[in-house]
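Student: Provided below: target_17.cif, containing mmCIF, C-alpha atoms and all ligand atoms.
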```cif
data_upload
#
loop_
_atom_site.label_atom_id
_atom_site.label_comp_id
_atom_site.auth_asym_id
_atom_site.auth_seq_id
_atom_site.Cartn_x
_atom_site.Cartn_y
_atom_site.Cartn_z
CA MET B 1 56.18 -21.43 29.65
CA ASP B 2 58.93 -19.70 31.58
CA ALA B 3 57.87 -16.33 33.02
CA ILE B 4 60.78 -14.44 31.52
CA ILE B 5 59.97 -15.79 28.05
CA LEU B 6 56.32 -14.78 28.36
CA ILE B 7 57.25 -11.32 29.63
CA GLY B 8 59.79 -10.96 26.82
CA MET B 9 56.98 -11.56 24.32
CA LEU B 10 55.03 -8.49 25.44
CA THR B 11 54.94 -5.69 22.86
CA LYS B 12 57.53 -3.03 23.63
CA ILE B 13 54.96 -0.29 24.16
CA ILE B 14 57.13 2.08 26.20
CA LYS B 15 59.92 3.69 24.14
CA GLU B 16 63.41 2.34 24.81
CA GLU B 17 64.89 5.80 25.51
CA GLU B 18 62.20 6.36 28.15
CA ILE B 19 63.06 3.07 29.83
CA GLN B 20 66.76 4.01 29.89
CA LYS B 21 66.06 7.43 31.31
CA ALA B 22 63.64 6.09 33.96
CA TRP B 23 66.24 3.57 35.07
CA LYS B 24 68.90 6.26 35.28
CA TYR B 25 66.69 8.41 37.52
CA ILE B 26 65.76 5.42 39.70
CA ASP B 27 69.32 4.15 39.97
CA LYS B 28 70.74 7.53 40.93
CA GLY B 29 67.78 8.54 43.08
CA ASP B 30 67.77 8.46 46.83
CA LYS B 31 64.56 10.15 47.96
CA PHE B 32 61.45 9.23 46.01
CA VAL B 33 57.91 10.55 46.16
CA ILE B 34 55.03 9.03 44.23
CA VAL B 35 52.08 11.38 43.70
CA THR B 36 48.68 10.48 42.29
CA HIS B 37 45.41 12.24 41.48
CA VAL B 38 42.71 13.67 43.74
CA THR B 39 40.02 11.27 44.96
CA PRO B 40 42.32 8.37 44.19
CA ASP B 41 40.76 5.32 42.58
CA GLY B 42 41.99 1.72 42.44
CA ASP B 43 44.42 2.40 39.62
CA ALA B 44 45.85 5.49 41.31
CA ILE B 45 46.48 3.64 44.58
CA GLY B 46 47.40 0.33 42.91
CA SER B 47 49.97 1.81 40.52
CA SER B 48 51.48 3.99 43.25
CA LEU B 49 51.82 1.18 45.77
CA GLY B 50 52.98 -1.25 43.08
CA LEU B 51 55.84 1.11 42.26
CA PHE B 52 56.43 1.77 45.97
CA HIS B 53 56.94 -1.95 46.68
CA PHE B 54 59.21 -2.29 43.67
CA LEU B 55 61.43 0.59 44.79
CA ASN B 56 61.57 -0.87 48.30
CA GLU B 57 62.66 -4.16 46.80
CA LEU B 58 65.55 -2.29 45.15
CA GLU B 59 66.48 -1.25 48.70
CA LYS B 60 65.47 2.31 48.15
CA ASP B 61 64.34 3.03 51.67
CA ASN B 62 63.24 6.62 51.30
CA VAL B 63 60.06 6.24 49.26
CA SER B 64 56.72 7.89 50.04
CA VAL B 65 53.33 7.88 48.37
CA VAL B 66 51.50 11.21 48.66
CA VAL B 67 47.83 11.66 47.71
CA PRO B 68 45.84 14.92 47.74
CA ASN B 69 42.93 13.52 49.79
CA ASP B 70 41.64 10.36 51.37
CA PHE B 71 40.65 7.24 49.40
CA PRO B 72 37.94 4.61 49.91
CA THR B 73 38.37 2.03 52.68
CA PHE B 74 38.00 -0.80 50.15
CA TYR B 75 41.50 0.06 48.90
CA LYS B 76 43.05 0.25 52.35
CA TRP B 77 43.80 -3.48 52.54
CA MET B 78 46.53 -3.04 49.92
CA PRO B 79 49.95 -3.67 51.45
CA CYS B 80 51.39 -0.42 52.87
CA ALA B 81 48.21 1.58 52.10
CA LYS B 82 48.38 2.80 55.69
CA ASP B 83 51.75 4.45 54.97
CA ILE B 84 50.28 6.70 52.29
CA VAL B 85 50.58 10.37 53.25
CA ILE B 86 47.31 12.24 52.78
CA HIS B 87 48.02 15.90 52.00
CA GLU B 88 44.65 17.09 53.31
CA LYS B 89 45.54 15.61 56.74
CA TYR B 90 49.27 16.40 56.87
CA PRO B 91 49.84 19.30 54.45
CA GLU B 92 53.23 20.47 55.72
CA PHE B 93 54.71 16.98 55.99
CA ALA B 94 53.48 16.04 52.52
CA GLU B 95 54.82 19.23 50.96
CA GLN B 96 58.21 18.82 52.65
CA LEU B 97 58.53 15.29 51.27
CA ILE B 98 57.87 16.62 47.77
CA ARG B 99 60.35 19.50 48.13
CA ASP B 100 63.05 17.12 49.43
CA ALA B 101 62.57 14.39 46.81
CA ASP B 102 65.10 13.93 44.06
CA VAL B 103 62.66 11.88 41.99
CA ILE B 104 58.92 12.57 41.84
CA PHE B 105 56.71 10.06 40.06
CA CYS B 106 53.40 11.47 38.80
CA LEU B 107 51.10 8.50 38.36
CA ASP B 108 47.70 8.22 36.69
CA PHE B 109 47.25 11.93 35.91
CA ASN B 110 48.16 14.14 33.00
CA GLU B 111 48.06 17.69 34.29
CA PRO B 112 48.78 19.49 37.60
CA LYS B 113 45.12 20.46 37.96
CA ARG B 114 44.32 16.81 38.75
CA ILE B 115 46.30 16.96 42.01
CA GLU B 116 44.51 20.15 43.09
CA LYS B 117 46.17 21.62 46.21
CA LEU B 118 49.38 19.65 45.64
CA ALA B 119 49.85 21.16 42.19
CA SER B 120 51.92 24.23 43.07
CA THR B 121 54.32 22.26 45.32
CA VAL B 122 54.85 19.55 42.71
CA VAL B 123 55.31 22.00 39.84
CA ALA B 124 57.81 24.09 41.84
CA ALA B 125 59.77 21.10 43.23
CA ASP B 126 63.35 20.57 42.05
CA GLY B 127 63.22 16.77 41.88
CA ARG B 128 63.21 15.00 38.52
CA LYS B 129 59.59 14.38 37.58
CA ILE B 130 58.48 11.26 35.78
CA MET B 131 54.93 10.93 34.50
CA ILE B 132 53.50 7.45 34.01
CA ASP B 133 49.95 7.81 32.75
CA HIS B 134 47.28 6.76 30.29
CA HIS B 135 45.17 9.92 29.91
CA LEU B 136 45.11 11.86 26.65
CA ASN B 137 47.00 15.13 26.17
CA PRO B 138 49.69 15.11 28.86
CA SER B 139 50.72 18.62 29.86
CA ASP B 140 54.36 19.62 29.95
CA PHE B 141 55.44 19.63 33.60
CA CYS B 142 57.56 16.47 33.85
CA ARG B 143 61.10 15.85 32.65
CA LEU B 144 60.20 12.35 31.50
CA VAL B 145 56.71 11.66 30.15
CA MET B 146 55.54 8.11 29.64
CA SER B 147 52.01 8.67 28.39
CA TYR B 148 50.23 5.74 26.75
CA PRO B 149 46.46 6.30 26.45
CA GLU B 150 46.04 3.02 24.58
CA ILE B 151 46.94 1.11 27.75
CA SER B 152 43.95 0.55 30.01
CA SER B 153 45.61 1.25 33.35
CA THR B 154 48.62 3.02 34.81
CA SER B 155 49.20 -0.10 36.89
CA GLU B 156 49.77 -2.08 33.70
CA LEU B 157 52.27 0.57 32.58
CA VAL B 158 54.13 0.23 35.89
CA PHE B 159 54.33 -3.53 35.32
CA ARG B 160 55.57 -3.01 31.76
CA LEU B 161 58.17 -0.47 32.88
CA ILE B 162 59.58 -2.76 35.57
CA CYS B 163 59.79 -5.70 33.15
CA ARG B 164 61.46 -3.62 30.45
CA MET B 165 64.07 -2.54 33.00
CA GLY B 166 64.76 -6.27 33.37
CA MET B 167 63.43 -6.50 36.89
CA PHE B 168 60.43 -8.80 36.69
CA GLU B 169 61.98 -10.84 39.54
CA GLN B 170 61.82 -7.78 41.80
CA ILE B 171 58.02 -7.67 41.56
CA THR B 172 56.97 -9.06 44.93
CA LYS B 173 53.62 -10.62 45.73
CA GLU B 174 52.69 -7.34 47.47
CA ALA B 175 53.53 -5.31 44.35
CA ALA B 176 51.62 -7.83 42.22
CA GLU B 177 48.50 -7.43 44.39
CA CYS B 178 48.55 -3.66 43.98
CA ILE B 179 49.22 -3.79 40.23
CA TYR B 180 46.45 -6.34 39.71
CA THR B 181 43.99 -4.19 41.67
CA GLY B 182 44.66 -1.20 39.41
CA MET B 183 44.31 -3.28 36.25
CA MET B 184 41.06 -4.76 37.55
CA THR B 185 39.43 -1.52 38.69
CA ASP B 186 40.25 0.52 35.56
CA THR B 187 38.63 -2.12 33.36
CA GLY B 188 35.53 -2.76 35.50
CA ALA B 189 36.94 -6.19 36.40
CA PHE B 190 37.90 -6.74 32.74
CA THR B 191 34.53 -5.81 31.25
CA TYR B 192 35.68 -2.72 29.30
CA ASN B 193 38.98 -1.50 27.80
CA SER B 194 40.07 -5.07 28.26
CA ASN B 195 40.42 -6.59 24.81
CA HIS B 196 44.19 -6.32 24.58
CA PRO B 197 45.32 -9.95 24.83
CA GLU B 198 48.54 -9.03 26.64
CA ILE B 199 46.50 -7.98 29.67
CA TYR B 200 45.96 -11.68 30.26
CA THR B 201 49.61 -12.56 29.79
CA ILE B 202 50.36 -10.07 32.55
CA ILE B 203 47.60 -11.47 34.76
CA THR B 204 49.05 -14.96 34.30
CA GLU B 205 52.34 -13.73 35.68
CA LEU B 206 50.72 -11.84 38.54
CA VAL B 207 48.76 -14.93 39.56
CA LYS B 208 52.00 -16.94 39.49
CA LYS B 209 53.45 -14.43 41.95
CA GLY B 210 50.88 -15.78 44.39
CA ILE B 211 48.09 -13.21 44.31
CA ASP B 212 44.54 -14.33 45.06
CA LYS B 213 42.60 -12.55 42.33
CA ASP B 214 39.22 -13.80 43.53
CA LEU B 215 39.88 -12.42 47.00
CA ILE B 216 41.02 -9.09 45.54
CA TYR B 217 37.73 -8.84 43.63
CA ARG B 218 35.76 -9.46 46.83
CA ARG B 219 37.83 -7.03 48.88
CA VAL B 220 37.13 -4.25 46.39
CA ASN B 221 33.59 -5.01 45.28
CA GLN B 222 31.85 -6.84 48.10
CA VAL B 223 32.61 -4.83 51.18
CA TYR B 224 29.89 -2.21 51.17
CA SER B 225 27.58 -1.23 54.01
CA GLU B 226 23.88 -1.99 54.17
CA PRO B 227 22.94 1.72 53.76
CA ARG B 228 25.01 1.80 50.57
CA LEU B 229 23.02 -1.04 49.04
CA ARG B 230 19.78 0.70 50.04
CA LEU B 231 21.09 3.93 48.49
CA MET B 232 21.63 2.01 45.27
CA GLY B 233 18.05 0.75 45.43
CA PHE B 234 16.79 4.28 45.99
CA VAL B 235 18.84 5.55 43.07
CA LEU B 236 17.50 2.90 40.69
CA TYR B 237 13.90 3.23 41.81
CA GLU B 238 13.56 6.96 42.23
CA LYS B 239 16.56 8.85 40.95
CA MET B 240 17.31 7.51 37.51
CA LYS B 241 15.94 9.42 34.54
CA THR B 242 16.21 8.03 31.05
CA TYR B 243 16.33 9.84 27.72
CA PRO B 244 15.61 6.97 25.30
CA GLY B 245 15.63 9.30 22.27
CA GLN B 246 19.23 10.21 23.06
CA HIS B 247 20.22 6.77 24.36
CA ALA B 248 21.14 8.46 27.62
CA ALA B 249 20.41 8.25 31.34
CA LEU B 250 20.96 10.51 34.31
CA ILE B 251 21.26 9.91 38.05
CA THR B 252 21.39 12.77 40.53
CA LEU B 253 21.99 12.76 44.28
CA SER B 254 21.80 15.77 46.58
CA LYS B 255 23.72 16.25 49.82
CA GLU B 256 20.54 15.60 51.82
CA GLU B 257 19.87 12.33 50.02
CA LEU B 258 23.43 11.18 50.61
CA LYS B 259 23.15 12.05 54.30
CA ARG B 260 19.92 10.11 54.59
CA PHE B 261 21.82 6.98 53.53
CA GLN B 262 24.86 7.67 55.75
CA TYR B 263 27.09 8.28 52.76
CA VAL B 264 30.83 7.71 53.12
CA THR B 265 33.50 8.24 50.43
CA GLY B 266 33.30 5.54 47.81
CA ASP B 267 29.65 4.63 48.39
CA THR B 268 28.54 5.91 45.00
CA GLU B 269 31.40 4.24 43.13
CA GLY B 270 30.00 2.36 40.16
CA PHE B 271 26.53 3.95 40.25
CA VAL B 272 27.22 5.72 36.96
CA ASN B 273 27.60 2.37 35.24
CA LEU B 274 24.21 1.01 36.34
CA PRO B 275 22.04 2.56 33.59
CA LEU B 276 24.33 1.13 30.92
CA SER B 277 22.78 -2.26 31.61
CA ILE B 278 19.57 -1.00 29.95
CA GLU B 279 19.67 -2.17 26.36
CA GLY B 280 20.35 0.69 23.98
CA THR B 281 21.76 3.06 26.61
CA ARG B 282 25.05 4.43 25.37
CA PHE B 283 25.66 7.43 27.62
CA SER B 284 25.23 7.59 31.38
CA VAL B 285 25.74 10.57 33.65
CA PHE B 286 25.84 10.81 37.43
CA ILE B 287 25.61 14.22 39.07
CA ARG B 288 26.45 14.33 42.78
CA GLU B 289 26.29 17.29 45.10
CA ASP B 290 29.64 17.35 46.94
CA LYS B 291 30.83 19.55 49.83
CA ASP B 292 31.48 22.71 47.84
CA TYR B 293 30.90 21.80 44.22
CA ILE B 294 29.00 19.43 41.95
CA LYS B 295 30.91 16.34 40.82
CA ILE B 296 29.90 14.70 37.58
CA SER B 297 30.83 11.30 36.20
CA PHE B 298 30.30 10.25 32.60
CA ARG B 299 30.36 6.81 31.03
CA SER B 300 29.68 5.74 27.47
CA VAL B 301 29.75 2.58 25.44
CA GLY B 302 31.00 2.44 21.87
CA ASP B 303 32.11 5.49 19.91
CA PHE B 304 30.44 8.29 21.82
CA PRO B 305 33.33 10.28 23.38
CA CYS B 306 32.04 11.24 26.82
CA ASN B 307 35.36 12.98 27.58
CA LYS B 308 34.54 15.53 24.84
CA PHE B 309 31.15 16.08 26.44
CA ALA B 310 32.85 16.51 29.85
CA ALA B 311 35.38 18.95 28.42
CA LYS B 312 32.88 21.00 26.41
CA TYR B 313 30.23 21.51 29.09
CA PHE B 314 31.69 20.58 32.47
CA ASN B 315 35.32 21.69 32.53
CA GLY B 316 36.48 18.09 32.71
CA GLY B 317 38.01 15.30 30.68
CA GLY B 318 39.26 11.76 30.96
CA HIS B 319 38.93 8.75 28.71
CA LYS B 320 36.60 8.25 25.75
CA ASN B 321 34.30 5.91 27.70
CA ALA B 322 34.93 7.10 31.28
CA SER B 323 35.37 10.70 32.22
CA GLY B 324 34.47 13.30 34.78
CA GLY B 325 33.93 16.98 35.33
CA GLU B 326 32.73 19.58 37.77
CA PHE B 327 30.11 22.27 38.04
CA TYR B 328 29.91 25.30 40.31
CA GLY B 329 26.31 26.20 41.02
CA SER B 330 23.17 24.43 42.18
CA LEU B 331 22.28 20.83 41.44
CA GLU B 332 19.24 22.05 39.49
CA ASP B 333 21.43 24.24 37.28
CA ALA B 334 23.83 21.37 36.69
CA VAL B 335 20.90 19.24 35.50
CA LYS B 336 19.63 22.08 33.26
CA THR B 337 23.09 22.46 31.72
CA PHE B 338 23.25 18.72 31.17
CA GLU B 339 19.83 18.54 29.50
CA GLN B 340 20.55 21.48 27.21
CA SER B 341 23.93 19.99 26.30
CA LEU B 342 22.36 16.61 25.62
CA ASN B 343 20.15 18.16 22.94
CA GLU B 344 23.24 19.36 21.15
CA PHE B 345 25.75 16.57 21.75
CA ASN B 346 24.47 13.02 22.24
CA PRO B 347 25.00 9.53 20.83
CA ASN B 348 22.65 10.35 17.92
CA ASN B 349 24.42 13.51 17.00
CA PHE B 350 28.11 13.82 17.54
CA GLU B 351 30.00 13.15 14.34
CA GLU B 352 30.72 16.82 13.62
CA LEU B 353 31.39 17.56 17.29
CA LYS B 354 33.64 14.57 17.90
CA ASN B 355 36.76 16.37 16.87
CA CYS B 356 36.13 19.66 18.63
CA ASP B 357 38.40 20.38 21.60
P1 LIG R 401 35.16 9.06 37.85
O1 LIG R 401 33.84 9.20 37.20
O2 LIG R 401 35.44 7.63 38.22
O3 LIG R 401 35.38 10.04 38.95
O4 LIG R 401 36.23 9.45 36.77
C1 LIG R 401 36.44 8.70 35.61
C2 LIG R 401 37.66 9.20 34.89
O5 LIG R 401 37.41 10.53 34.45
C3 LIG R 401 38.89 9.30 35.77
O6 LIG R 401 39.69 8.17 35.64
C4 LIG R 401 39.61 10.52 35.24
O7 LIG R 401 40.38 10.11 34.16
C5 LIG R 401 38.53 11.38 34.63
N1 LIG R 401 38.09 12.52 35.45
C6 LIG R 401 37.25 12.51 36.51
N2 LIG R 401 37.02 13.75 36.95
C7 LIG R 401 37.72 14.59 36.15
C8 LIG R 401 37.87 16.00 36.10
O8 LIG R 401 37.31 16.77 36.87
N3 LIG R 401 38.69 16.49 35.13
C9 LIG R 401 39.32 15.67 34.24
N4 LIG R 401 40.12 16.25 33.31
N5 LIG R 401 39.18 14.35 34.25
C10 LIG R 401 38.40 13.80 35.19
MN MN R 402 43.88 5.02 35.62
#
```
In structure tokens, write the structure found in this file.
Tutor:
Amino acid sequence: MDAIILIGMLTKIIKEEEIQKAWKYIDKGDKFVIVTHVTPDGDAIGSSLGLFHFLNELEKDNVSVVVPNDFPTFYKWMPCAKDIVIHEKYPEFAEQLIRDADVIFCLDFNEPKRIEKLASTVVAADGRKIMIDHHLNPSDFCRLVMSYPEISSTSELVFRLICRMGMFEQITKEAAECIYTGMMTDTGAFTYNSNHPEIYTIITELVKKGIDKDLIYRRVNQVYSEPRLRLMGFVLYEKMKTYPGQHAALITLSKEELKRFQYVTGDTEGFVNLPLSIEGTRFSVFIREDKDYIKISFRSVGDFPCNKFAAKYFNGGGHKNASGGEFYGSLEDAVKTFEQSLNEFNPNNFEELKNCD
């Protein structure tokens, strides 16, 4: 079937008035900045670069992507990833770009806190801000908010937005590669949040643009170092604790342990999912000692809302089945807090707590 017909059959998820407004801002805009969340993941980088390539195709030649800090090397193959401005490395340059922009896209995050040290500059900037995101409860700091938590990736939303503006033809192969990467990584290579049939209509069109989806999978998932694989072995053999009564599992890693395995950013990506392969495990937690705080990742399967757990005990949030949080204190205290919290709020016992915010 003709691409345009297939694309036209997609449900009109984004509201028409939002499409109109977004087009007006893009059409009139001259200097664009695309900002995404701290510790950018595949969807953050993929959606940002997907939009970047699209804007370039419209001959907007003043477009920058700004991220708060560096991102894993397995996303650096994406076309133009090397042009991304990392605020931690070039703070003044990044902030000047944001102050000068007349349109600022906020991609894959719902509140200023998620861009950490970039927050004050973005909030204070005069440019028109457009949020494109799929996290719950967007906060009110953008002029145009396109927030669709039912969509599994921001990259998919970027694709939908471009198509609804009538510009499917302006999606280049480069843009398609970035968009596909975001859709793939936010669904664990289409193993969760991936039952919406239209995802596959979109993939059909991306593949027709010439992307090599098998190669993209390998570039993201099969490019780790030997120490990283050994770290995974160590984690599974020695560092995973299970709580069968609560259908839960915990992995912890200290700074020393990470050093022992020559840890680099991204090496622990996916570890939190490993315990979910044990039958009956519905909630998995990974606590990692970072430079100056404790980073926690949560994953669940089924109804258990791990974002509520993250929000209630670890100052975090995210999606129902994939969320994160932070802890300030020792690793031991983080584990104690987790174990106490697990007694109160776990996959056996959460009905009455599900709706608490
Ligand atoms: P990850 O475990 O991969 O770092 O994060 C999974 C998801 O949880 C992210 O896509 C993001 O939505 C959310 N998330 C991670 N860390 C935080 C956090 O500290 N605060 C909030 N609100 N959400 C987070
Ligand atoms: Mn995302």
Student: Enclose range 329-346 of chain B, meaning all of its atoms listed in the file, in a box aligned along x, y and z, pad it by 3 Å on each side, and list the centre and edge lengths in Å to one decimal, as AutoDock Vina command-line options.
Tutor:
```
--center_x 22.8 --center_y 19.6 --center_z 31.7 --size_x 13.1 --size_y 19.2 --size_z 27.0
```
Student: At a cut-off of 7 Å and counting all atoms listed in the file, what residues surround ligand LIG 401 (chain R)? Please answer as a tab-separated table (two decimals) with C-alpha atoms, in the coordinates of the input.
Tutor:
```tsv
chain	number	residue	atom	x	y	z
B	114	ARG	CA	44.32	16.81	38.75
B	135	HIS	CA	45.17	9.92	29.91
B	296	ILE	CA	29.90	14.70	37.58
B	297	SER	CA	30.83	11.30	36.20
B	298	PHE	CA	30.30	10.25	32.60
B	315	ASN	CA	35.32	21.69	32.53
B	316	GLY	CA	36.48	18.09	32.71
B	317	GLY	CA	38.01	15.30	30.68
B	318	GLY	CA	39.26	11.76	30.96
B	319	HIS	CA	38.93	8.75	28.71
B	322	ALA	CA	34.93	7.10	31.28
B	323	SER	CA	35.37	10.70	32.22
B	324	GLY	CA	34.47	13.30	34.78
B	325	GLY	CA	33.93	16.98	35.33
B	326	GLU	CA	32.73	19.58	37.77
```
Student: Show me which residues sit within 10 Å of ligand MN 402 (chain R) when counting only C-alpha atoms and all ligand atoms, and put them as an MDAnalysis selection string.
Tutor: chainID B and resid 36:37 40:47 107:109 133:135 149 151:157 182:183 185:187 318:319
Student: Within 12 Å of Ala248 in chain B, counting only C-alpha atoms, which residues qualify if same-chain residues fewer than 4 places away don't, as a short mmCIF file (atom, residue, chain, number, x, y, z; two decimals) with C-alpha atoms, in the coordinates of the input?
Tutor:
```cif
data_model
loop_
_atom_site.label_atom_id
_atom_site.label_comp_id
_atom_site.auth_asym_id
_atom_site.auth_seq_id
_atom_site.Cartn_x
_atom_site.Cartn_y
_atom_site.Cartn_z
CA MET B 240 17.31 7.51 37.51
CA LYS B 241 15.94 9.42 34.54
CA THR B 242 16.21 8.03 31.05
CA TYR B 243 16.33 9.84 27.72
CA PRO B 244 15.61 6.97 25.30
CA VAL B 272 27.22 5.72 36.96
CA ASN B 273 27.60 2.37 35.24
CA LEU B 274 24.21 1.01 36.34
CA PRO B 275 22.04 2.56 33.59
CA LEU B 276 24.33 1.13 30.92
CA SER B 277 22.78 -2.26 31.61
CA ILE B 278 19.57 -1.00 29.95
CA GLU B 279 19.67 -2.17 26.36
CA GLY B 280 20.35 0.69 23.98
CA THR B 281 21.76 3.06 26.61
CA ARG B 282 25.05 4.43 25.37
CA PHE B 283 25.66 7.43 27.62
CA SER B 284 25.23 7.59 31.38
CA VAL B 285 25.74 10.57 33.65
CA PHE B 286 25.84 10.81 37.43
CA PHE B 298 30.30 10.25 32.60
CA ARG B 299 30.36 6.81 31.03
CA SER B 300 29.68 5.74 27.47
CA VAL B 301 29.75 2.58 25.44
CA PHE B 304 30.44 8.29 21.82
CA CYS B 306 32.04 11.24 26.82
CA PHE B 338 23.25 18.72 31.17
CA GLU B 339 19.83 18.54 29.50
CA SER B 341 23.93 19.99 26.30
CA LEU B 342 22.36 16.61 25.62
CA ASN B 343 20.15 18.16 22.94
CA PHE B 345 25.75 16.57 21.75
CA ASN B 346 24.47 13.02 22.24
CA PRO B 347 25.00 9.53 20.83
CA ASN B 348 22.65 10.35 17.92
#
```
Student: Is it possible to get the residues within 12 Å of (64.0, 2.9, 33.1) (coordinates as in the file, counting only C-alpha atoms) written as number ranges by chain?
Tutor: B: 14-28, 130, 132, 144-146, 157-167
Student: If we count all atoms listed in the file, what is near Glu332 in chain B at a cut-off of 12 Å, once residues fewer than 2 positions away on the same chain are taken out, given as a list in words?
Tutor: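 Near neighbours after the sequence-gap exclusion: Thr252, Leu253, Ser254, Ile287, Arg288, Glu289, Ile294, Phe327, Tyr328, Gly329, Ser330, Ala334, Val335, Lys336, Thr337, Phe338 and Glu339 of chain B.
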Student: Store the residues of this selection in a file with C-alpha atoms, as a short mmCIF file (atom, residue, chain, number, x, y, z; two decimals), in the frame of the given file.
Tutor:
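Just written: out-v5.cif:
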```cif
data_model
loop_
_atom_site.label_atom_id
_atom_site.label_comp_id
_atom_site.auth_asym_id
_atom_site.auth_seq_id
_atom_site.Cartn_x
_atom_site.Cartn_y
_atom_site.Cartn_z
CA THR B 252 21.39 12.77 40.53
CA LEU B 253 21.99 12.76 44.28
CA SER B 254 21.80 15.77 46.58
CA ILE B 287 25.61 14.22 39.07
CA ARG B 288 26.45 14.33 42.78
CA GLU B 289 26.29 17.29 45.10
CA ILE B 294 29.00 19.43 41.95
CA PHE B 327 30.11 22.27 38.04
CA TYR B 328 29.91 25.30 40.31
CA GLY B 329 26.31 26.20 41.02
CA SER B 330 23.17 24.43 42.18
CA ALA B 334 23.83 21.37 36.69
CA VAL B 335 20.90 19.24 35.50
CA LYS B 336 19.63 22.08 33.26
CA THR B 337 23.09 22.46 31.72
CA PHE B 338 23.25 18.72 31.17
CA GLU B 339 19.83 18.54 29.50
#
```
Student: So, counting all atoms listed in the file, which residue among B:Asp61, B:Glu226, B:Glu169, B:Asp290 is closest to Lys209 in chain B?
Tutor: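 That would be B:Glu169, the residue with the smallest distance to Lys209 in chain B.
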Student: What lies within 12 Å of Arg218 in chain B using only C-alpha atoms, ignoring chain neighbours under 4 positions off, as a PyMOL selection string?
Tutor: chain B and resi 74-75+77+181+184-185+189+212-214+222-224
Student: Rounded to one decimal in Å, what is the spacing between CA of Asn195 in chain B and CA of Asn321 in chain B?
Tutor: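 Distance between the two atoms: 14.2 Å.
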Student: Which residue is closest to Phe271 in chain B? Choose from B:Tyr148, B:Phe234, B:Phe32, B:Tyr293 and count only C-alpha atoms.
Tutor: B:Phe234
Student: Can you work out which one of B:Ala119, B:Val207, B:Ala81, B:Ile179 has the shortest atom-to-atom distance to Ser64 in chain B, counting all atoms listed in the file?
Tutor: B:Ala81
Student: Using only C-alpha atoms, pick whichever of B:Asp292, B:Gly233, B:Ile216, B:Val38 has the shortest atom-to-atom distance to Lys76 in chain B.
Tutor: B:Ile216
Student: Report the distance between CA of Gly270 in chain B and CA of Asn221 in chain B in Å, rounded to one decimal place.
Tutor: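 CA of Asn221 in chain B lies at a distance of 9.7 Å from CA of Gly270 in chain B.
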Student: Rounded to one decimal place, report the CA of Gln170 in chain B-CA of Gly127 in chain B distance in Å.
Tutor: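 So the two atoms, CA of Gln170 in chain B and CA of Gly127 in chain B, lie 24.6 Å apart.
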Student: For Phe93 in chain B, which residue among B:Gly188, B:Pro305, B:Phe71, B:Val65 is the nearest when counting all atoms listed in the file?
Tutor: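 Checking each of B:Gly188, B:Pro305, B:Phe71, B:Val65 against Phe93 in chain B, counting all atoms listed in the file, the winner is B:Val65.
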